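Below is the file query28.txt, which contains compact mmCIF, C-alpha atoms and all ligand atoms.
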```
# COMPACT_ATOMS: atom_id res chain seq x y z
CA MET A 266 61.46 170.86 115.40
CA SER A 267 57.85 169.78 115.49
CA GLU A 268 56.64 166.63 117.24
CA ASP A 269 55.19 165.55 113.86
CA PHE A 270 58.61 165.47 112.32
CA TYR A 271 60.01 163.31 115.16
CA LEU A 272 57.03 161.03 114.72
CA HIS A 273 57.55 160.85 110.98
CA ILE A 274 61.19 159.75 111.43
CA TYR A 275 60.16 157.30 114.17
CA ASP A 276 57.52 155.72 111.93
CA LYS A 277 59.92 155.51 109.03
CA GLN A 278 62.46 153.66 111.17
CA GLN A 279 59.95 150.90 111.86
CA GLY A 280 59.74 150.02 108.17
CA VAL A 281 63.48 150.00 107.46
CA GLU A 282 65.51 146.77 107.63
CA ALA A 283 68.86 146.92 109.47
CA VAL A 284 71.22 146.62 106.53
CA PRO A 285 75.02 146.46 106.94
CA SER A 286 76.65 149.80 106.18
CA ASN A 287 77.98 150.54 102.71
CA GLN A 288 81.47 150.45 104.23
CA VAL A 289 80.95 146.89 105.52
CA LEU A 290 79.79 145.78 102.07
CA ALA A 291 82.72 147.50 100.33
CA THR A 292 85.16 146.02 102.86
CA TRP A 293 84.01 142.51 101.97
CA ALA A 294 84.79 143.18 98.29
CA LEU A 295 88.14 144.80 99.13
CA ASN A 296 89.10 141.84 101.34
CA LEU A 297 88.28 139.57 98.42
CA MET A 298 90.54 141.68 96.18
CA ASP A 299 93.30 141.43 98.82
CA LEU A 300 92.93 137.66 98.82
CA ILE A 301 93.05 137.14 95.05
CA TYR A 302 95.68 139.84 94.55
CA PRO A 303 98.19 139.37 97.39
CA GLU A 304 100.08 142.29 95.78
CA ARG A 305 97.55 144.48 97.64
CA SER A 306 98.42 143.01 101.06
CA THR A 307 101.15 143.80 103.53
CA ASN A 308 101.46 140.19 104.65
CA PRO A 309 100.51 138.00 101.71
CA LYS A 310 102.10 134.70 102.81
CA TYR A 311 99.34 132.26 103.76
CA THR A 312 99.60 128.47 103.81
CA LEU A 313 97.41 126.50 101.42
CA THR A 314 95.22 125.47 104.35
CA GLU A 315 94.82 129.10 105.39
CA ILE A 316 93.96 130.12 101.82
CA ARG A 317 91.23 127.45 101.64
CA ARG A 318 89.87 128.66 104.98
CA LEU A 319 89.99 132.33 103.94
CA PHE A 320 87.93 131.62 100.80
CA MET A 321 85.44 129.65 102.88
CA ASP A 322 85.24 132.55 105.35
CA MET A 323 84.63 135.00 102.52
CA GLU A 324 81.85 132.80 101.14
CA ARG A 325 80.24 132.57 104.58
CA GLN A 326 80.53 136.35 104.97
CA LEU A 327 78.79 136.88 101.64
CA THR A 328 75.92 134.65 102.74
CA GLN A 329 75.69 136.62 106.01
CA ILE A 330 75.68 139.91 104.11
CA LEU A 331 72.94 138.64 101.77
CA ASP A 332 70.92 137.41 104.75
CA ALA A 333 71.39 140.69 106.58
CA THR A 334 70.32 142.88 103.66
CA LYS A 335 67.03 140.93 103.47
CA ALA A 336 66.54 142.60 100.12
CA CYS A 337 65.85 139.33 98.39
CA LYS A 338 62.88 137.60 99.97
CA ASN A 339 62.90 134.31 98.05
CA CYS A 340 66.62 133.82 97.46
CA ASN A 341 68.67 130.92 98.71
CA ASN A 342 71.57 133.07 99.82
CA GLU A 343 73.87 130.12 100.52
CA SER A 344 73.48 128.93 96.96
CA VAL A 345 73.92 132.46 95.54
CA SER A 346 77.12 132.80 97.52
CA SER A 347 78.39 129.36 96.53
CA LYS A 348 77.69 130.07 92.83
CA PHE A 349 79.51 133.39 93.07
CA PHE A 350 82.61 131.67 94.47
CA LYS A 351 82.45 128.90 91.85
CA GLY A 352 82.58 131.67 89.25
CA LEU A 353 85.41 133.53 90.98
CA PRO A 354 88.28 131.91 89.00
CA GLU A 355 86.61 133.13 85.78
CA LEU A 356 86.19 136.64 87.24
CA TYR A 357 89.85 136.56 88.25
CA ARG A 358 90.81 135.50 84.73
CA LYS A 359 88.91 138.50 83.32
CA MET A 360 90.54 140.87 85.82
CA ASN A 361 93.91 139.53 84.69
CA THR A 362 93.02 140.39 81.08
CA ASP A 363 92.38 143.98 82.22
CA ILE A 364 95.82 144.07 83.86
CA ALA A 365 97.42 142.61 80.71
CA SER A 366 95.72 145.24 78.57
CA ILE A 367 96.98 148.11 80.73
CA LEU A 368 100.48 146.64 80.93
CA SER A 369 100.79 146.17 77.17
CA GLY A 370 99.07 149.45 76.28
CA ASP A 371 100.27 152.09 78.71
CA PRO A 372 103.88 153.22 78.26
CA ALA A 373 103.77 154.56 81.83
CA ALA A 374 102.92 151.15 83.34
CA ARG A 375 106.01 149.29 84.56
CA SER A 376 104.64 146.13 86.15
CA GLU A 377 101.54 144.17 87.11
CA PHE A 378 102.31 145.06 90.72
CA GLU A 379 102.14 148.77 89.89
CA ILE A 380 98.81 148.34 88.09
CA ILE A 381 97.28 146.33 90.93
CA ARG A 382 98.48 148.79 93.56
CA THR A 383 98.01 152.12 91.81
CA TYR A 384 95.68 152.08 88.80
CA PRO A 385 92.23 153.49 89.64
CA GLY A 386 90.98 151.91 86.41
CA PHE A 387 91.93 148.45 87.64
CA LEU A 388 90.15 148.92 90.99
CA ALA A 389 87.02 150.29 89.30
CA ILE A 390 86.90 147.49 86.69
CA SER A 391 87.51 144.80 89.33
CA LEU A 392 84.77 146.05 91.65
CA TYR A 393 82.49 146.37 88.61
CA ARG A 394 83.25 142.72 87.67
CA ILE A 395 82.38 141.54 91.21
CA ALA A 396 79.23 143.72 91.24
CA HIS A 397 78.14 142.54 87.78
CA ALA A 398 78.45 138.88 88.81
CA LEU A 399 76.29 139.55 91.88
CA LEU A 400 73.75 141.43 89.76
CA LYS A 401 73.58 138.46 87.36
CA ALA A 402 72.80 136.29 90.41
CA ASP A 403 69.82 138.60 91.04
CA VAL A 404 71.39 140.13 94.12
CA PRO A 405 69.64 143.45 94.55
CA PHE A 406 71.21 146.73 95.59
CA ILE A 407 74.64 145.45 96.84
CA PRO A 408 76.11 145.60 93.28
CA ARG A 409 75.24 149.29 93.09
CA ILE A 410 76.83 149.94 96.48
CA LEU A 411 80.06 148.31 95.30
CA THR A 412 80.31 150.30 92.07
CA GLU A 413 79.41 153.52 93.88
CA TYR A 414 82.18 152.76 96.37
CA ALA A 415 84.55 152.40 93.40
CA HIS A 416 83.16 155.66 92.01
CA SER A 417 83.86 157.45 95.29
CA GLN A 418 87.44 156.16 95.35
CA THR A 419 88.35 156.56 91.69
CA GLY A 420 85.92 158.98 90.05
CA ILE A 421 85.03 156.16 87.63
CA ASP A 422 81.30 155.42 87.54
CA ILE A 423 80.50 152.03 85.99
CA HIS A 424 76.93 150.80 86.42
CA PRO A 425 76.93 147.11 87.45
CA GLY A 426 74.39 146.38 84.71
CA ALA A 427 76.76 147.31 81.88
CA GLU A 428 78.02 144.35 79.82
CA ILE A 429 81.79 144.60 79.48
CA GLY A 430 84.06 142.18 77.62
CA GLU A 431 87.65 141.27 78.37
CA TYR A 432 90.84 143.34 78.24
CA LEU A 433 89.20 146.62 79.26
CA TYR A 434 91.84 149.33 79.51
CA ILE A 435 91.07 152.44 81.54
CA ASP A 436 93.89 154.95 81.84
CA HIS A 437 93.60 157.77 84.40
CA GLY A 438 89.85 157.31 84.38
CA THR A 439 88.60 160.26 86.42
CA GLY A 440 85.15 161.30 85.25
CA ILE A 441 84.36 158.19 83.20
CA VAL A 442 80.64 157.31 83.20
CA ILE A 443 79.43 153.98 81.81
CA GLY A 444 75.63 153.70 81.88
CA GLU A 445 73.51 150.72 82.86
CA THR A 446 72.75 149.34 79.39
CA THR A 447 76.13 150.01 77.80
CA VAL A 448 77.69 147.10 75.94
CA ILE A 449 81.48 147.08 75.56
CA GLY A 450 83.36 144.45 73.56
CA ASN A 451 86.91 143.18 74.04
CA HIS A 452 90.14 145.20 73.96
CA VAL A 453 88.45 148.58 74.38
CA LYS A 454 90.47 151.54 75.67
CA LEU A 455 88.90 154.42 77.58
CA TYR A 456 90.52 157.60 78.83
CA GLN A 457 89.40 160.07 81.47
CA GLY A 458 86.14 161.92 81.10
CA VAL A 459 84.50 159.54 78.63
CA THR A 460 80.71 159.35 78.94
CA LEU A 461 78.78 156.39 77.54
CA GLY A 462 75.36 157.77 78.31
CA ALA A 463 71.69 158.06 77.45
CA LEU A 464 70.51 160.44 74.76
CA SER A 465 67.57 161.48 76.88
CA VAL A 466 66.68 160.63 80.43
CA GLU A 467 63.03 159.75 80.95
CA LYS A 468 61.68 157.42 83.62
CA TYR A 469 59.62 155.41 81.10
CA MET A 470 62.91 154.34 79.45
CA ALA A 471 63.93 152.32 82.52
CA ASN A 472 63.80 148.93 80.78
CA THR A 473 65.10 149.97 77.40
CA LYS A 474 68.60 150.09 75.97
CA ARG A 475 69.59 153.71 76.56
CA HIS A 476 73.37 153.59 76.33
CA PRO A 477 75.72 152.86 73.43
CA THR A 478 77.42 149.72 72.18
CA ILE A 479 81.18 149.84 71.75
CA GLU A 480 82.59 147.06 69.62
CA ASP A 481 86.00 145.36 69.90
CA HIS A 482 89.30 147.25 69.69
CA VAL A 483 87.78 150.73 69.95
CA ILE A 484 89.79 153.56 71.54
CA ILE A 485 87.88 156.49 73.03
CA TYR A 486 90.01 159.45 74.03
CA SER A 487 89.42 161.86 76.90
CA GLY A 488 86.25 163.85 77.23
CA ALA A 489 84.37 162.10 74.43
CA THR A 490 80.61 161.76 74.95
CA ILE A 491 78.78 158.96 73.16
CA LEU A 492 75.03 158.81 73.71
CA GLY A 493 72.04 156.67 72.85
CA GLY A 494 70.99 153.03 72.97
CA GLU A 495 71.07 152.67 69.21
CA THR A 496 74.50 154.19 68.83
CA VAL A 497 77.07 151.58 67.83
CA ILE A 498 80.76 152.35 67.54
CA GLY A 499 82.05 149.87 64.99
CA ASP A 500 85.10 147.76 65.81
CA ASN A 501 88.59 149.18 65.50
CA SER A 502 87.34 152.78 65.54
CA ILE A 503 89.11 155.69 67.18
CA ILE A 504 87.02 158.38 68.82
CA GLY A 505 89.05 161.52 69.40
CA GLY A 506 89.05 163.72 72.49
CA ASN A 507 85.94 165.83 73.18
CA VAL A 508 83.91 164.28 70.36
CA TRP A 509 80.12 164.50 70.89
CA LEU A 510 78.51 161.55 69.14
CA THR A 511 74.86 160.51 69.02
CA LYS A 512 75.00 158.37 65.86
CA SER A 513 76.60 155.08 64.96
CA VAL A 514 79.89 154.95 63.11
CA PRO A 515 81.05 152.01 60.94
CA PRO A 516 84.03 149.81 61.83
CA HIS A 517 87.48 151.33 61.34
CA SER A 518 86.19 154.93 61.64
CA THR A 519 88.28 157.75 62.97
CA VAL A 520 86.18 160.50 64.48
CA TYR A 521 87.72 163.82 65.45
CA HIS A 522 86.36 166.93 67.05
CA GLN A 523 87.50 169.97 65.11
CA SER A 524 88.16 172.66 67.58
CA ALA A 525 88.74 176.23 66.53
CA ILE A 526 91.22 177.61 68.98
CA LYS A 527 92.99 180.88 68.45
CA VAL A 528 96.35 181.76 69.87
CA ILE A 529 96.82 185.48 70.05
CA GLU A 530 100.33 186.65 70.59
CA THR A 531 100.44 189.64 72.85
CA LYS A 532 103.37 191.97 72.60
CA HIS A 533 104.97 192.19 75.96
CA ARG A 534 106.34 195.44 77.23
CA ASP A 535 110.07 195.65 78.05
C1 LIG A 601 74.80 157.32 82.18
C2 LIG A 601 73.48 157.94 81.95
O1 LIG A 601 73.13 158.25 80.84
O2 LIG A 601 72.71 158.15 83.04
C3 LIG A 601 71.41 158.71 82.87
C4 LIG A 601 70.40 157.87 83.56
N1 LIG A 601 70.80 157.58 84.93
C5 LIG A 601 70.16 156.55 82.79
O3 LIG A 601 70.55 155.50 83.29
O4 LIG A 601 69.59 156.59 81.72
```
Is it possible to give me this structure as structure tokens?
Amino acid sequence: MSEDFYLHIYDKQQGVEAVPSNQVLATWALNLMDLIYPERSTNPKYTLTEIRRLFMDMERQLTQILDATKACKNCNNESVSSKFFKGLPELYRKMNTDIASILSGDPAARSEFEIIRTYPGFLAISLYRIAHALLKADVPFIPRILTEYAHSQTGIDIHPGAEIGEYLYIDHGTGIVIGETTVIGNHVKLYQGVTLGALSVEKYMANTKRHPTIEDHVIIYSGATILGGETVIGDNSIIGGNVWLTKSVPPHSTVYHQSAIKVIETKHRD
């Protein structure tokens, strides 16, 4: 390789802050999940004093992470961290609504324990909820790392900027994409392969609403693609599998994709 290339990399290094690895950031969020959901832990029996100390440790760690990322020049990281932890019981309440929705909606779900331990949808929604709260506190870049970690583990890609209500139900989940400016109401059910995306992708659209709005009690079955910032799926609608939708539909709509499949019977030889 040329000396110029070495020099280029050397120069670039000088301008880059030493930021904790993505794994360190994800581990903080996973440890927090372990703490609020002892179902995830192998040894969940802490004393009350230990629990208080563990939450204080987690808060301190968040401040350290925010300090170390140096991404936010004028932030008071201690206060950001303290606000996040004050809001944690509310986040936890919302996560519990997601569990309740899966438990009451999925015939295959046997217990809360099973959902907490095994449902990729629950992990993805929970990490999204943590990431969204940090984004709302103007924490740059860490929220995206957390949701991309969830994406890598579950195949479910939820942008931390999306606004999502309570009782979100994601079953299976692989391949779900929820774009940055998506708005989702309460009691919405999503199956694998659903895309809530932009109708066109142009850089100038960065600060505009590009992704759809899904109102309360909507069910969207697998492989459906719903695009556009002005597209509103009215409450209590059902969007069938593989539907391609770029227009709004009124409340209580049922939208089906009509596929034309042919089954040809071949005569088999004896
Ligand atoms: C989900 C989606 O449409 O992504 C496209 C692009 N990243 C955007 O945010 O508009």
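Excluding A:Ile503 itself and same-chain residues fewer than 2 positions from it, the residues having an atom within 8 Å of it are Val483, Ile484, Ile485, Tyr486, Asn501, Gly505, His517, Ser518, Thr519 and Val520 of chain A, counting only C-alpha atoms.
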Selected residue of minimal separation from ligand LIG 601 (chain A) among A:His397, A:His522, A:Arg305, A:Lys474, counting all atoms listed in the file: A:Lys474
Contact residues around stretch 384-396 of chain A with only C-alpha atoms at 6 Å, ignoring same-chain residues under 2 positions, as number ranges by chain: A: 380, 398-399, 408, 412, 415, 419, 425, 435, 438
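Candidate residues A:Ile443, A:Leu455, A:Ile498, A:Ile381 were compared for distance to ligand LIG 601 (chain A), and the nearest is A:Ile443, using all atoms listed in the file.
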Length of the atom CA of A:Asn308 to atom CA of A:Ser346 vector [Å]: 26.4 Å
Nearby residues (all atoms listed in the file) at most 12 Å from A:Tyr311, same-chain spacing under 5 positions excluded, as a list in words: Leu300, Ile301, Pro303, Ser306, Ile316, Arg317, Arg318, Leu319 and Phe320 of chain A
Protein and nucleic acid residues within 12 Å of ligand LIG 601 (chain A) (all atoms listed in the file) as a PyMOL selection string: chain A and resi 421-427+440-447+459-477+490-494
Using only C-alpha atoms: which of A:Ile407, A:Leu433, A:Asn296, A:Ser366 has the shortest distance to A:Val284: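 Residue with the minimum atom-to-atom distance to A:Val284: A:Ile407.
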Separation of atom CA of A:Trp509 from atom CA of A:His416, in Å and rounded to one decimal: 23.1 Å
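Coordinates place atom CA of A:Arg409 at a distance of 27.5 Å from atom CA of A:Phe378.
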Exercise: A:Glu324 partners within 12 Å, only C-alpha atoms, chain neighbours under 5 positions left out, as a list in words: Trp293, Ala294, Asn296, Leu297, Arg317, Arg318, Leu319, Gln329, Ile330, Leu331, Asn342, Glu343, Ser344, Val345, Ser346, Ser347, Lys348, Phe349, Phe350, Lys351, Gly352 and Leu353 of chain A
Using only C-alpha atoms: which of A:Ile504, A:Val281, A:Cys337, A:Leu356 has the shortest distance to A:His482: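 Among the listed residues, the smallest separation from A:His482 belongs to A:Ile504.
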Distance query A:Asp481 at most 12 Å, all atoms listed in the file, self and fewer than 4 positions along chain excluded, as a PyMOL selection string: chain A and resi 429-434+448-454+485+497-503+516-517
Nearest-residue call for A:Asp403, choices A:Glu377, A:Asn339, A:Arg382, A:Lys359, using all atoms listed in the file: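 Answer, going by the shortest atom-to-atom distance: A:Asn339.
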Option closest in space to A:Gly506, from A:Thr478, A:Thr334, A:Gln523, A:Thr439 [counting only C-alpha atoms]: A:Gln523
